[in-house]
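Structure file coords_30.cif with mmCIF, N, CA and C atoms:
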```cif
data_start
#
loop_
_atom_site.label_atom_id
_atom_site.label_comp_id
_atom_site.auth_asym_id
_atom_site.auth_seq_id
_atom_site.Cartn_x
_atom_site.Cartn_y
_atom_site.Cartn_z
N MET K 24 1.65 14.38 -10.64
CA MET K 24 1.35 13.67 -9.40
C MET K 24 0.77 14.68 -8.42
N ASN K 25 -0.35 14.33 -7.85
CA ASN K 25 -0.98 15.20 -6.86
C ASN K 25 -0.38 14.91 -5.49
N GLN K 26 0.58 15.74 -5.08
CA GLN K 26 1.30 15.52 -3.83
C GLN K 26 0.39 15.66 -2.60
N ASP K 27 -0.58 16.55 -2.68
CA ASP K 27 -1.49 16.72 -1.55
C ASP K 27 -2.30 15.46 -1.30
N VAL K 28 -2.81 14.87 -2.36
CA VAL K 28 -3.59 13.63 -2.22
C VAL K 28 -2.69 12.49 -1.77
N LEU K 29 -1.47 12.46 -2.27
CA LEU K 29 -0.52 11.44 -1.84
C LEU K 29 -0.26 11.55 -0.34
N GLN K 30 -0.05 12.76 0.14
CA GLN K 30 0.18 12.94 1.57
C GLN K 30 -1.05 12.54 2.40
N LEU K 31 -2.24 12.88 1.92
CA LEU K 31 -3.46 12.47 2.63
C LEU K 31 -3.60 10.96 2.66
N THR K 32 -3.27 10.32 1.54
CA THR K 32 -3.34 8.85 1.47
C THR K 32 -2.38 8.22 2.47
N ILE K 33 -1.15 8.70 2.47
CA ILE K 33 -0.14 8.14 3.38
C ILE K 33 -0.52 8.38 4.83
N ARG K 34 -0.99 9.57 5.13
CA ARG K 34 -1.38 9.89 6.52
C ARG K 34 -2.50 8.96 6.98
N ALA K 35 -3.54 8.81 6.16
CA ALA K 35 -4.66 7.94 6.53
C ALA K 35 -4.20 6.49 6.68
N PHE K 36 -3.36 6.03 5.75
CA PHE K 36 -2.86 4.66 5.81
C PHE K 36 -2.07 4.44 7.10
N ASN K 37 -1.17 5.34 7.41
CA ASN K 37 -0.32 5.19 8.59
C ASN K 37 -1.11 5.25 9.89
N LEU K 38 -2.25 5.91 9.86
CA LEU K 38 -3.14 5.94 11.03
C LEU K 38 -4.09 4.74 11.05
N ARG K 39 -3.90 3.86 10.06
CA ARG K 39 -4.73 2.65 9.89
C ARG K 39 -6.20 2.97 9.65
N ARG K 40 -6.41 4.07 8.99
CA ARG K 40 -7.75 4.48 8.55
C ARG K 40 -7.84 4.10 7.07
N TYR K 41 -7.96 2.80 6.85
CA TYR K 41 -7.85 2.28 5.49
C TYR K 41 -8.98 2.74 4.59
N ASP K 42 -10.19 2.89 5.12
CA ASP K 42 -11.28 3.37 4.28
C ASP K 42 -10.97 4.77 3.73
N GLN K 43 -10.39 5.63 4.57
CA GLN K 43 -9.99 6.96 4.11
C GLN K 43 -8.84 6.86 3.11
N ALA K 44 -7.88 6.00 3.39
CA ALA K 44 -6.74 5.82 2.47
C ALA K 44 -7.24 5.33 1.11
N ILE K 45 -8.21 4.44 1.12
CA ILE K 45 -8.79 3.93 -0.13
C ILE K 45 -9.46 5.07 -0.89
N GLN K 46 -10.20 5.91 -0.19
CA GLN K 46 -10.87 7.06 -0.84
C GLN K 46 -9.85 8.03 -1.42
N HIS K 47 -8.82 8.34 -0.66
CA HIS K 47 -7.80 9.28 -1.16
C HIS K 47 -7.06 8.70 -2.35
N SER K 48 -6.69 7.42 -2.26
CA SER K 48 -5.96 6.81 -3.38
C SER K 48 -6.85 6.71 -4.62
N ALA K 49 -8.14 6.50 -4.42
CA ALA K 49 -9.07 6.49 -5.56
C ALA K 49 -9.14 7.87 -6.21
N ALA K 50 -9.11 8.91 -5.38
CA ALA K 50 -9.10 10.28 -5.92
C ALA K 50 -7.82 10.53 -6.71
N GLY K 51 -6.71 10.05 -6.21
CA GLY K 51 -5.45 10.18 -6.94
C GLY K 51 -5.50 9.43 -8.27
N LEU K 52 -6.09 8.26 -8.24
CA LEU K 52 -6.22 7.44 -9.45
C LEU K 52 -7.13 8.11 -10.48
N ASP K 53 -8.21 8.73 -10.00
CA ASP K 53 -9.16 9.38 -10.91
C ASP K 53 -8.53 10.52 -11.71
N THR K 54 -7.58 11.22 -11.12
CA THR K 54 -7.00 12.38 -11.79
C THR K 54 -5.66 12.08 -12.45
N ALA K 55 -5.14 10.88 -12.26
CA ALA K 55 -3.80 10.53 -12.77
C ALA K 55 -3.85 10.20 -14.26
N ARG K 56 -2.74 10.48 -14.90
CA ARG K 56 -2.58 10.16 -16.32
C ARG K 56 -1.21 9.54 -16.54
N GLY K 57 -1.12 8.69 -17.55
CA GLY K 57 0.16 8.09 -17.92
C GLY K 57 0.72 7.20 -16.83
N ARG K 58 2.00 7.37 -16.56
CA ARG K 58 2.69 6.54 -15.58
C ARG K 58 2.13 6.75 -14.17
N ASP K 59 1.67 7.96 -13.88
CA ASP K 59 1.06 8.22 -12.58
C ASP K 59 -0.16 7.33 -12.35
N GLU K 60 -0.88 7.04 -13.40
CA GLU K 60 -2.08 6.21 -13.26
C GLU K 60 -1.73 4.81 -12.76
N ALA K 61 -0.67 4.23 -13.30
CA ALA K 61 -0.23 2.91 -12.85
C ALA K 61 0.23 2.96 -11.40
N PHE K 62 0.95 4.02 -11.04
CA PHE K 62 1.40 4.16 -9.65
C PHE K 62 0.20 4.22 -8.71
N TRP K 63 -0.75 5.07 -9.02
CA TRP K 63 -1.92 5.21 -8.15
C TRP K 63 -2.74 3.92 -8.08
N LEU K 64 -2.79 3.18 -9.17
CA LEU K 64 -3.49 1.89 -9.16
C LEU K 64 -2.81 0.95 -8.17
N GLY K 65 -1.50 0.86 -8.20
CA GLY K 65 -0.77 0.00 -7.27
C GLY K 65 -0.96 0.43 -5.82
N LEU K 66 -0.89 1.73 -5.58
CA LEU K 66 -1.08 2.23 -4.22
C LEU K 66 -2.51 1.99 -3.75
N HIS K 67 -3.47 2.17 -4.64
CA HIS K 67 -4.88 1.93 -4.31
C HIS K 67 -5.11 0.46 -3.95
N GLU K 68 -4.54 -0.44 -4.74
CA GLU K 68 -4.68 -1.87 -4.44
C GLU K 68 -4.04 -2.23 -3.10
N ALA K 69 -2.91 -1.61 -2.79
CA ALA K 69 -2.28 -1.86 -1.49
C ALA K 69 -3.18 -1.38 -0.35
N CYS K 70 -3.76 -0.20 -0.49
CA CYS K 70 -4.68 0.31 0.54
C CYS K 70 -5.88 -0.61 0.69
N GLU K 71 -6.44 -1.05 -0.43
CA GLU K 71 -7.57 -1.97 -0.37
C GLU K 71 -7.17 -3.28 0.30
N GLY K 72 -6.00 -3.78 -0.03
CA GLY K 72 -5.52 -5.03 0.56
C GLY K 72 -5.41 -4.95 2.07
N TYR K 73 -4.83 -3.87 2.56
CA TYR K 73 -4.71 -3.72 4.01
C TYR K 73 -6.07 -3.48 4.66
N GLY K 74 -6.96 -2.82 3.96
CA GLY K 74 -8.33 -2.67 4.47
C GLY K 74 -9.02 -4.01 4.61
N LEU K 75 -8.79 -4.89 3.66
CA LEU K 75 -9.36 -6.24 3.73
C LEU K 75 -8.74 -7.06 4.86
N ILE K 76 -7.45 -6.88 5.09
CA ILE K 76 -6.79 -7.56 6.22
C ILE K 76 -7.46 -7.11 7.52
N ALA K 77 -7.68 -5.81 7.64
CA ALA K 77 -8.29 -5.27 8.86
C ALA K 77 -9.69 -5.86 9.09
N ARG K 78 -10.37 -6.22 8.01
CA ARG K 78 -11.71 -6.82 8.12
C ARG K 78 -11.66 -8.35 8.18
N GLY K 79 -10.44 -8.91 8.18
CA GLY K 79 -10.30 -10.36 8.29
C GLY K 79 -10.56 -11.12 7.01
N GLN K 80 -10.55 -10.44 5.88
CA GLN K 80 -10.81 -11.08 4.59
C GLN K 80 -9.48 -11.35 3.89
N LEU K 81 -8.76 -12.33 4.42
CA LEU K 81 -7.39 -12.58 3.96
C LEU K 81 -7.31 -13.07 2.53
N ASP K 82 -8.26 -13.88 2.08
CA ASP K 82 -8.21 -14.37 0.70
C ASP K 82 -8.27 -13.21 -0.29
N ARG K 83 -9.21 -12.32 -0.09
CA ARG K 83 -9.35 -11.16 -0.98
C ARG K 83 -8.17 -10.21 -0.82
N ALA K 84 -7.67 -10.07 0.40
CA ALA K 84 -6.53 -9.20 0.65
C ALA K 84 -5.30 -9.68 -0.10
N GLU K 85 -5.07 -10.97 -0.08
CA GLU K 85 -3.89 -11.52 -0.77
C GLU K 85 -3.91 -11.17 -2.25
N ALA K 86 -5.05 -11.32 -2.88
CA ALA K 86 -5.16 -11.00 -4.31
C ALA K 86 -4.88 -9.52 -4.58
N LYS K 87 -5.42 -8.65 -3.76
CA LYS K 87 -5.18 -7.21 -3.93
C LYS K 87 -3.71 -6.87 -3.72
N LEU K 88 -3.10 -7.44 -2.70
CA LEU K 88 -1.70 -7.14 -2.42
C LEU K 88 -0.78 -7.68 -3.50
N ILE K 89 -1.09 -8.83 -4.05
CA ILE K 89 -0.28 -9.36 -5.16
C ILE K 89 -0.41 -8.44 -6.37
N GLY K 90 -1.60 -7.95 -6.63
CA GLY K 90 -1.79 -6.99 -7.72
C GLY K 90 -0.98 -5.72 -7.48
N ALA K 91 -0.98 -5.25 -6.23
CA ALA K 91 -0.20 -4.06 -5.89
C ALA K 91 1.29 -4.30 -6.12
N MET K 92 1.77 -5.48 -5.73
CA MET K 92 3.20 -5.80 -5.93
C MET K 92 3.55 -5.79 -7.41
N HIS K 93 2.72 -6.41 -8.23
CA HIS K 93 3.00 -6.48 -9.66
C HIS K 93 3.04 -5.10 -10.30
N THR K 94 2.18 -4.21 -9.83
CA THR K 94 2.14 -2.87 -10.39
C THR K 94 3.28 -1.99 -9.87
N LEU K 95 3.49 -1.99 -8.57
CA LEU K 95 4.47 -1.09 -7.97
C LEU K 95 5.91 -1.49 -8.25
N ARG K 96 6.16 -2.75 -8.55
CA ARG K 96 7.55 -3.17 -8.76
C ARG K 96 8.18 -2.53 -10.00
N ASN K 97 7.37 -1.93 -10.83
CA ASN K 97 7.86 -1.27 -12.05
C ASN K 97 8.34 0.16 -11.80
N PHE K 98 8.33 0.59 -10.55
CA PHE K 98 8.64 1.98 -10.25
C PHE K 98 9.99 2.19 -9.57
N GLY K 99 10.77 1.15 -9.45
CA GLY K 99 12.10 1.30 -8.89
C GLY K 99 12.11 1.64 -7.41
N PHE K 100 13.19 2.27 -6.98
CA PHE K 100 13.39 2.59 -5.57
C PHE K 100 12.40 3.65 -5.08
N ARG K 101 12.23 4.70 -5.88
CA ARG K 101 11.31 5.79 -5.55
C ARG K 101 10.53 6.18 -6.78
N TYR K 102 9.34 6.65 -6.55
CA TYR K 102 8.57 7.28 -7.61
C TYR K 102 8.14 8.63 -7.09
N GLU K 103 8.52 9.67 -7.84
CA GLU K 103 8.38 11.02 -7.33
C GLU K 103 9.15 11.04 -6.00
N ASN K 104 8.48 11.25 -4.88
CA ASN K 104 9.20 11.17 -3.61
C ASN K 104 8.61 10.09 -2.70
N PHE K 105 7.86 9.16 -3.26
CA PHE K 105 7.29 8.04 -2.50
C PHE K 105 8.29 6.89 -2.47
N GLU K 106 8.53 6.35 -1.30
CA GLU K 106 9.49 5.26 -1.13
C GLU K 106 8.83 3.93 -1.53
N VAL K 107 8.99 3.56 -2.78
CA VAL K 107 8.35 2.38 -3.34
C VAL K 107 8.90 1.10 -2.71
N THR K 108 10.21 1.02 -2.54
CA THR K 108 10.79 -0.24 -2.04
C THR K 108 10.33 -0.55 -0.62
N VAL K 109 10.11 0.47 0.18
CA VAL K 109 9.59 0.25 1.54
C VAL K 109 8.19 -0.36 1.46
N ALA K 110 7.37 0.22 0.61
CA ALA K 110 6.00 -0.30 0.44
C ALA K 110 6.02 -1.71 -0.12
N LEU K 111 6.85 -1.96 -1.11
CA LEU K 111 6.91 -3.29 -1.72
C LEU K 111 7.35 -4.36 -0.73
N ALA K 112 8.37 -4.05 0.05
CA ALA K 112 8.85 -5.01 1.05
C ALA K 112 7.75 -5.34 2.05
N ALA K 113 7.02 -4.33 2.47
CA ALA K 113 5.94 -4.54 3.43
C ALA K 113 4.79 -5.35 2.83
N VAL K 114 4.45 -5.05 1.59
CA VAL K 114 3.37 -5.79 0.93
C VAL K 114 3.77 -7.26 0.75
N ARG K 115 5.01 -7.49 0.33
CA ARG K 115 5.48 -8.87 0.17
C ARG K 115 5.42 -9.62 1.50
N ARG K 116 5.84 -8.97 2.57
CA ARG K 116 5.81 -9.59 3.90
C ARG K 116 4.37 -9.88 4.34
N ALA K 117 3.45 -8.99 4.00
CA ALA K 117 2.04 -9.20 4.34
C ALA K 117 1.48 -10.41 3.59
N VAL K 118 1.85 -10.55 2.33
CA VAL K 118 1.39 -11.71 1.55
C VAL K 118 1.94 -13.00 2.17
N GLU K 119 3.19 -12.98 2.56
CA GLU K 119 3.78 -14.16 3.21
C GLU K 119 3.05 -14.49 4.52
N GLU K 120 2.74 -13.46 5.30
CA GLU K 120 2.03 -13.67 6.56
C GLU K 120 0.63 -14.22 6.33
N ILE K 121 -0.05 -13.71 5.31
CA ILE K 121 -1.38 -14.23 4.97
C ILE K 121 -1.28 -15.71 4.64
N ARG K 122 -0.29 -16.10 3.89
CA ARG K 122 -0.14 -17.50 3.50
C ARG K 122 0.15 -18.39 4.70
N VAL K 123 0.92 -17.89 5.65
CA VAL K 123 1.21 -18.66 6.87
C VAL K 123 -0.08 -18.86 7.67
N VAL K 124 -0.88 -17.81 7.77
CA VAL K 124 -2.15 -17.91 8.50
C VAL K 124 -3.09 -18.86 7.78
N ARG K 125 -3.17 -18.76 6.48
CA ARG K 125 -4.10 -19.60 5.71
C ARG K 125 -3.71 -21.08 5.75
N THR K 126 -2.43 -21.38 5.91
CA THR K 126 -2.01 -22.78 5.99
C THR K 126 -2.17 -23.35 7.39
N GLY K 127 -2.52 -22.50 8.34
CA GLY K 127 -2.76 -22.97 9.70
C GLY K 127 -1.55 -22.96 10.61
N HIS K 128 -0.43 -22.46 10.14
CA HIS K 128 0.77 -22.40 10.98
C HIS K 128 0.67 -21.29 12.03
N LYS K 129 -0.18 -20.32 11.78
CA LYS K 129 -0.47 -19.26 12.73
C LYS K 129 -1.98 -19.05 12.73
N ARG K 130 -2.48 -18.56 13.84
CA ARG K 130 -3.92 -18.35 13.94
C ARG K 130 -4.36 -16.99 13.44
N LEU K 131 -3.53 -15.97 13.66
CA LEU K 131 -3.91 -14.61 13.34
C LEU K 131 -2.82 -13.90 12.55
N PHE K 132 -3.24 -12.94 11.76
CA PHE K 132 -2.32 -12.08 11.05
C PHE K 132 -1.65 -11.15 12.06
N ASP K 133 -0.35 -11.04 12.02
CA ASP K 133 0.40 -10.20 12.94
C ASP K 133 0.30 -8.75 12.48
N VAL K 134 -0.56 -7.96 13.15
CA VAL K 134 -0.78 -6.58 12.72
C VAL K 134 0.44 -5.69 12.93
N SER K 135 1.42 -6.15 13.67
CA SER K 135 2.64 -5.36 13.81
C SER K 135 3.41 -5.30 12.49
N LEU K 136 3.01 -6.12 11.52
CA LEU K 136 3.66 -6.12 10.21
C LEU K 136 3.12 -5.03 9.29
N VAL K 137 2.06 -4.33 9.71
CA VAL K 137 1.51 -3.27 8.88
C VAL K 137 2.54 -2.16 8.79
N PRO K 138 2.90 -1.78 7.57
CA PRO K 138 4.00 -0.82 7.40
C PRO K 138 3.58 0.62 7.66
N GLN K 139 4.57 1.46 7.74
CA GLN K 139 4.38 2.90 7.72
C GLN K 139 4.88 3.36 6.36
N LEU K 140 3.98 3.84 5.52
CA LEU K 140 4.37 4.36 4.23
C LEU K 140 5.07 5.70 4.45
N ARG K 141 5.96 6.05 3.53
CA ARG K 141 6.66 7.32 3.73
C ARG K 141 7.13 7.93 2.42
N LEU K 142 7.35 9.22 2.54
CA LEU K 142 7.93 9.98 1.46
C LEU K 142 9.42 10.14 1.73
N ALA K 143 10.18 10.25 0.68
CA ALA K 143 11.62 10.44 0.84
C ALA K 143 11.90 11.84 1.39
N ALA K 144 12.92 11.93 2.19
CA ALA K 144 13.34 13.24 2.72
C ALA K 144 13.88 14.08 1.58
N LYS K 145 13.58 15.35 1.63
CA LYS K 145 14.07 16.26 0.60
C LYS K 145 15.28 17.00 1.14
N ALA K 146 16.28 17.15 0.28
CA ALA K 146 17.48 17.87 0.68
C ALA K 146 17.19 19.38 0.68
N ASP K 147 17.79 20.06 1.63
CA ASP K 147 17.66 21.51 1.66
C ASP K 147 18.47 22.12 0.53
N ASP K 148 17.96 23.20 -0.03
CA ASP K 148 18.68 23.87 -1.13
C ASP K 148 19.75 24.78 -0.60
#
```
Would you write out, as structure tokens, the structure that this file holds?
Amino acid sequence: MNQDVLQLTIRAFNLRRYDQAIQHSAAGLDTARGRDEAFWLGLHEACEGYGLIARGQLDRAEAKLIGAMHTLRNFGFRYENFEVTVALAAVRRAVEEIRVVRTGHKRLFDVSLVPQLRLAAKADD
């Protein structure tokens, strides 16, 4: 796992610079092998999904986020030091919000629901 690229991806995502997060996650995906490849695919789809939300393309965003959920749910609570359950909960909530907006119960996607991705704290030795 390329920790530097992961940190760049998380930083860009948390600053809501989704185009940069998409680029960084694509770089992580390009160099990943084995189980890491599936992880990076899920993270990349999540970044793309939130990028589509930011552009108001909720139909396409929903599909990307559902793909991210299906991929990331196989990684348990944490993968390496990435907090998977935090990301999954946020992605699921975003999909629910998209569906509420699409059914007309709300007019706009609540951007306060955009998560902050994070790495797990490391214990001191």
*Using the chain letters and numbers from the file, which residues does the PyMOL selection byres ((chain K and resi 108-119) around 6.5) grab, as a VMD selection string?*
chain K and resid 85 88 92 99 to 101 105 to 107 120 to 124 138 140
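A straight line drawn from atom CA of Phe62 of chain K to atom CA of Phe132 of chain K is 26.6 Å long.
Distances from K:Leu81, K:Ile76, K:Ile33, K:Leu66 to Thr94 of chain K were compared using only C-alpha atoms, and the smallest one belongs to K:Leu66.
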*Work out how far apart atom CA of Asn97 of chain K and atom C of Thr54 of chain K are and give it in Å to one decimal.*
19.0 Å
*So, counting only C-alpha atoms, which residue among K:Gly65, K:Gly79, K:Gly74, K:Gly127 is closest to Leu52 of chain K?*
K:Gly65
*For Leu64 of chain K, work out the shell of residues within 7 Å, counting all atoms listed in the file and skipping chain neighbours fewer than 3 positions away, then give it as an MDAnalysis selection string.*
chainID K and resid 51:52 59:61 67:69 90:91 94:95
Can you spit out the residues from that selection as a PDB file, in the frame of the given file, using N, CA and C atoms?
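That gives us again.pdb:
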```pdb
ATOM      1  N   GLY K  51      -6.710  10.050  -6.210  1.00  0.00           N
ATOM      2  CA  GLY K  51      -5.450  10.180  -6.940  1.00  0.00           C
ATOM      3  C   GLY K  51      -5.500   9.430  -8.270  1.00  0.00           C
ATOM      4  N   LEU K  52      -6.090   8.260  -8.240  1.00  0.00           N
ATOM      5  CA  LEU K  52      -6.220   7.440  -9.450  1.00  0.00           C
ATOM      6  C   LEU K  52      -7.130   8.110 -10.480  1.00  0.00           C
ATOM      7  N   ASP K  59       1.670   7.960 -13.880  1.00  0.00           N
ATOM      8  CA  ASP K  59       1.060   8.220 -12.580  1.00  0.00           C
ATOM      9  C   ASP K  59      -0.160   7.330 -12.350  1.00  0.00           C
ATOM     10  N   GLU K  60      -0.880   7.040 -13.400  1.00  0.00           N
ATOM     11  CA  GLU K  60      -2.080   6.210 -13.260  1.00  0.00           C
ATOM     12  C   GLU K  60      -1.730   4.810 -12.760  1.00  0.00           C
ATOM     13  N   ALA K  61      -0.670   4.230 -13.300  1.00  0.00           N
ATOM     14  CA  ALA K  61      -0.230   2.910 -12.850  1.00  0.00           C
ATOM     15  C   ALA K  61       0.230   2.960 -11.400  1.00  0.00           C
ATOM     16  N   HIS K  67      -3.470   2.170  -4.640  1.00  0.00           N
ATOM     17  CA  HIS K  67      -4.880   1.930  -4.310  1.00  0.00           C
ATOM     18  C   HIS K  67      -5.110   0.460  -3.950  1.00  0.00           C
ATOM     19  N   GLU K  68      -4.540  -0.440  -4.740  1.00  0.00           N
ATOM     20  CA  GLU K  68      -4.680  -1.870  -4.440  1.00  0.00           C
ATOM     21  C   GLU K  68      -4.040  -2.230  -3.100  1.00  0.00           C
ATOM     22  N   ALA K  69      -2.910  -1.610  -2.790  1.00  0.00           N
ATOM     23  CA  ALA K  69      -2.280  -1.860  -1.490  1.00  0.00           C
ATOM     24  C   ALA K  69      -3.180  -1.380  -0.350  1.00  0.00           C
ATOM     25  N   GLY K  90      -1.600  -7.950  -6.630  1.00  0.00           N
ATOM     26  CA  GLY K  90      -1.790  -6.990  -7.720  1.00  0.00           C
ATOM     27  C   GLY K  90      -0.980  -5.720  -7.480  1.00  0.00           C
ATOM     28  N   ALA K  91      -0.980  -5.250  -6.230  1.00  0.00           N
ATOM     29  CA  ALA K  91      -0.200  -4.060  -5.890  1.00  0.00           C
ATOM     30  C   ALA K  91       1.290  -4.300  -6.120  1.00  0.00           C
ATOM     31  N   THR K  94       2.180  -4.210  -9.830  1.00  0.00           N
ATOM     32  CA  THR K  94       2.140  -2.870 -10.390  1.00  0.00           C
ATOM     33  C   THR K  94       3.280  -1.990  -9.870  1.00  0.00           C
ATOM     34  N   LEU K  95       3.490  -1.990  -8.570  1.00  0.00           N
ATOM     35  CA  LEU K  95       4.470  -1.090  -7.970  1.00  0.00           C
ATOM     36  C   LEU K  95       5.910  -1.490  -8.250  1.00  0.00           C
TER      37      LEU K  95
END
```
Residue rebuild result segment 113-122 of chain K, all heavy atoms as a PDB file, in the coordinates of the input:
```pdb
ATOM      1  N   ALA K 113       7.020  -4.330   2.470  1.00  0.00           N
ATOM      2  CA  ALA K 113       5.940  -4.540   3.430  1.00  0.00           C
ATOM      3  C   ALA K 113       4.790  -5.350   2.830  1.00  0.00           C
ATOM      4  O   ALA K 113       4.242  -6.242   3.480  1.00  0.00           O
ATOM      5  CB  ALA K 113       5.430  -3.199   3.936  1.00  0.00           C
ATOM      6  N   VAL K 114       4.450  -5.050   1.590  1.00  0.00           N
ATOM      7  CA  VAL K 114       3.370  -5.790   0.930  1.00  0.00           C
ATOM      8  C   VAL K 114       3.770  -7.260   0.750  1.00  0.00           C
ATOM      9  O   VAL K 114       2.980  -8.161   1.006  1.00  0.00           O
ATOM     10  CB  VAL K 114       3.006  -5.125  -0.423  1.00  0.00           C
ATOM     11  CG1 VAL K 114       2.106  -6.014  -1.251  1.00  0.00           C
ATOM     12  CG2 VAL K 114       2.342  -3.777  -0.185  1.00  0.00           C
ATOM     13  N   ARG K 115       5.010  -7.490   0.330  1.00  0.00           N
ATOM     14  CA  ARG K 115       5.480  -8.870   0.170  1.00  0.00           C
ATOM     15  C   ARG K 115       5.420  -9.620   1.500  1.00  0.00           C
ATOM     16  O   ARG K 115       4.980 -10.758   1.578  1.00  0.00           O
ATOM     17  CB  ARG K 115       6.904  -8.899  -0.388  1.00  0.00           C
ATOM     18  CG  ARG K 115       7.363 -10.333  -0.699  1.00  0.00           C
ATOM     19  CD  ARG K 115       8.825 -10.403  -1.124  1.00  0.00           C
ATOM     20  NE  ARG K 115       9.662 -10.143   0.029  1.00  0.00           N
ATOM     21  CZ  ARG K 115      10.540  -9.134   0.119  1.00  0.00           C
ATOM     22  NH1 ARG K 115      10.711  -8.313  -0.874  1.00  0.00           N
ATOM     23  NH2 ARG K 115      11.250  -8.961   1.203  1.00  0.00           N
ATOM     24  N   ARG K 116       5.840  -8.970   2.570  1.00  0.00           N
ATOM     25  CA  ARG K 116       5.810  -9.590   3.900  1.00  0.00           C
ATOM     26  C   ARG K 116       4.370  -9.880   4.340  1.00  0.00           C
ATOM     27  O   ARG K 116       4.096 -10.908   4.950  1.00  0.00           O
ATOM     28  CB  ARG K 116       6.520  -8.690   4.920  1.00  0.00           C
ATOM     29  CG  ARG K 116       6.540  -9.241   6.319  1.00  0.00           C
ATOM     30  CD  ARG K 116       7.396 -10.512   6.385  1.00  0.00           C
ATOM     31  NE  ARG K 116       7.319 -11.078   7.705  1.00  0.00           N
ATOM     32  CZ  ARG K 116       6.649 -12.186   8.011  1.00  0.00           C
ATOM     33  NH1 ARG K 116       6.012 -12.855   7.073  1.00  0.00           N
ATOM     34  NH2 ARG K 116       6.623 -12.639   9.237  1.00  0.00           N
ATOM     35  N   ALA K 117       3.450  -8.990   4.000  1.00  0.00           N
ATOM     36  CA  ALA K 117       2.040  -9.200   4.340  1.00  0.00           C
ATOM     37  C   ALA K 117       1.480 -10.410   3.590  1.00  0.00           C
ATOM     38  O   ALA K 117       0.747 -11.221   4.173  1.00  0.00           O
ATOM     39  CB  ALA K 117       1.209  -7.960   4.034  1.00  0.00           C
ATOM     40  N   VAL K 118       1.850 -10.550   2.330  1.00  0.00           N
ATOM     41  CA  VAL K 118       1.390 -11.710   1.550  1.00  0.00           C
ATOM     42  C   VAL K 118       1.940 -13.000   2.170  1.00  0.00           C
ATOM     43  O   VAL K 118       1.209 -13.989   2.309  1.00  0.00           O
ATOM     44  CB  VAL K 118       1.801 -11.583   0.067  1.00  0.00           C
ATOM     45  CG1 VAL K 118       1.586 -12.889  -0.686  1.00  0.00           C
ATOM     46  CG2 VAL K 118       1.034 -10.447  -0.593  1.00  0.00           C
ATOM     47  N   GLU K 119       3.190 -12.980   2.560  1.00  0.00           N
ATOM     48  CA  GLU K 119       3.780 -14.160   3.210  1.00  0.00           C
ATOM     49  C   GLU K 119       3.050 -14.490   4.520  1.00  0.00           C
ATOM     50  O   GLU K 119       2.771 -15.648   4.802  1.00  0.00           O
ATOM     51  CB  GLU K 119       5.273 -13.929   3.497  1.00  0.00           C
ATOM     52  CG  GLU K 119       6.125 -13.870   2.250  1.00  0.00           C
ATOM     53  CD  GLU K 119       7.542 -13.387   2.518  1.00  0.00           C
ATOM     54  OE1 GLU K 119       7.872 -13.065   3.680  1.00  0.00           O
ATOM     55  OE2 GLU K 119       8.317 -13.318   1.546  1.00  0.00           O
ATOM     56  N   GLU K 120       2.740 -13.460   5.300  1.00  0.00           N
ATOM     57  CA  GLU K 120       2.030 -13.670   6.560  1.00  0.00           C
ATOM     58  C   GLU K 120       0.630 -14.220   6.330  1.00  0.00           C
ATOM     59  O   GLU K 120       0.172 -15.122   7.037  1.00  0.00           O
ATOM     60  CB  GLU K 120       1.955 -12.345   7.343  1.00  0.00           C
ATOM     61  CG  GLU K 120       1.269 -12.453   8.670  1.00  0.00           C
ATOM     62  CD  GLU K 120       2.096 -13.129   9.765  1.00  0.00           C
ATOM     63  OE1 GLU K 120       3.258 -13.514   9.513  1.00  0.00           O
ATOM     64  OE2 GLU K 120       1.565 -13.275  10.881  1.00  0.00           O
ATOM     65  N   ILE K 121      -0.050 -13.710   5.310  1.00  0.00           N
ATOM     66  CA  ILE K 121      -1.380 -14.230   4.970  1.00  0.00           C
ATOM     67  C   ILE K 121      -1.280 -15.710   4.640  1.00  0.00           C
ATOM     68  O   ILE K 121      -2.100 -16.519   5.110  1.00  0.00           O
ATOM     69  CB  ILE K 121      -1.981 -13.454   3.782  1.00  0.00           C
ATOM     70  CG1 ILE K 121      -2.400 -12.051   4.230  1.00  0.00           C
ATOM     71  CG2 ILE K 121      -3.170 -14.204   3.184  1.00  0.00           C
ATOM     72  CD1 ILE K 121      -2.776 -11.124   3.090  1.00  0.00           C
ATOM     73  N   ARG K 122      -0.290 -16.100   3.890  1.00  0.00           N
ATOM     74  CA  ARG K 122      -0.140 -17.500   3.500  1.00  0.00           C
ATOM     75  C   ARG K 122       0.150 -18.390   4.700  1.00  0.00           C
ATOM     76  O   ARG K 122      -0.345 -19.513   4.784  1.00  0.00           O
ATOM     77  CB  ARG K 122       0.944 -17.639   2.439  1.00  0.00           C
ATOM     78  CG  ARG K 122       0.485 -17.050   1.122  1.00  0.00           C
ATOM     79  CD  ARG K 122       1.517 -17.103   0.051  1.00  0.00           C
ATOM     80  NE  ARG K 122       0.947 -16.563  -1.187  1.00  0.00           N
ATOM     81  CZ  ARG K 122       1.664 -16.228  -2.231  1.00  0.00           C
ATOM     82  NH1 ARG K 122       2.975 -16.384  -2.218  1.00  0.00           N
ATOM     83  NH2 ARG K 122       1.078 -15.734  -3.300  1.00  0.00           N
TER      84      ARG K 122
END
```
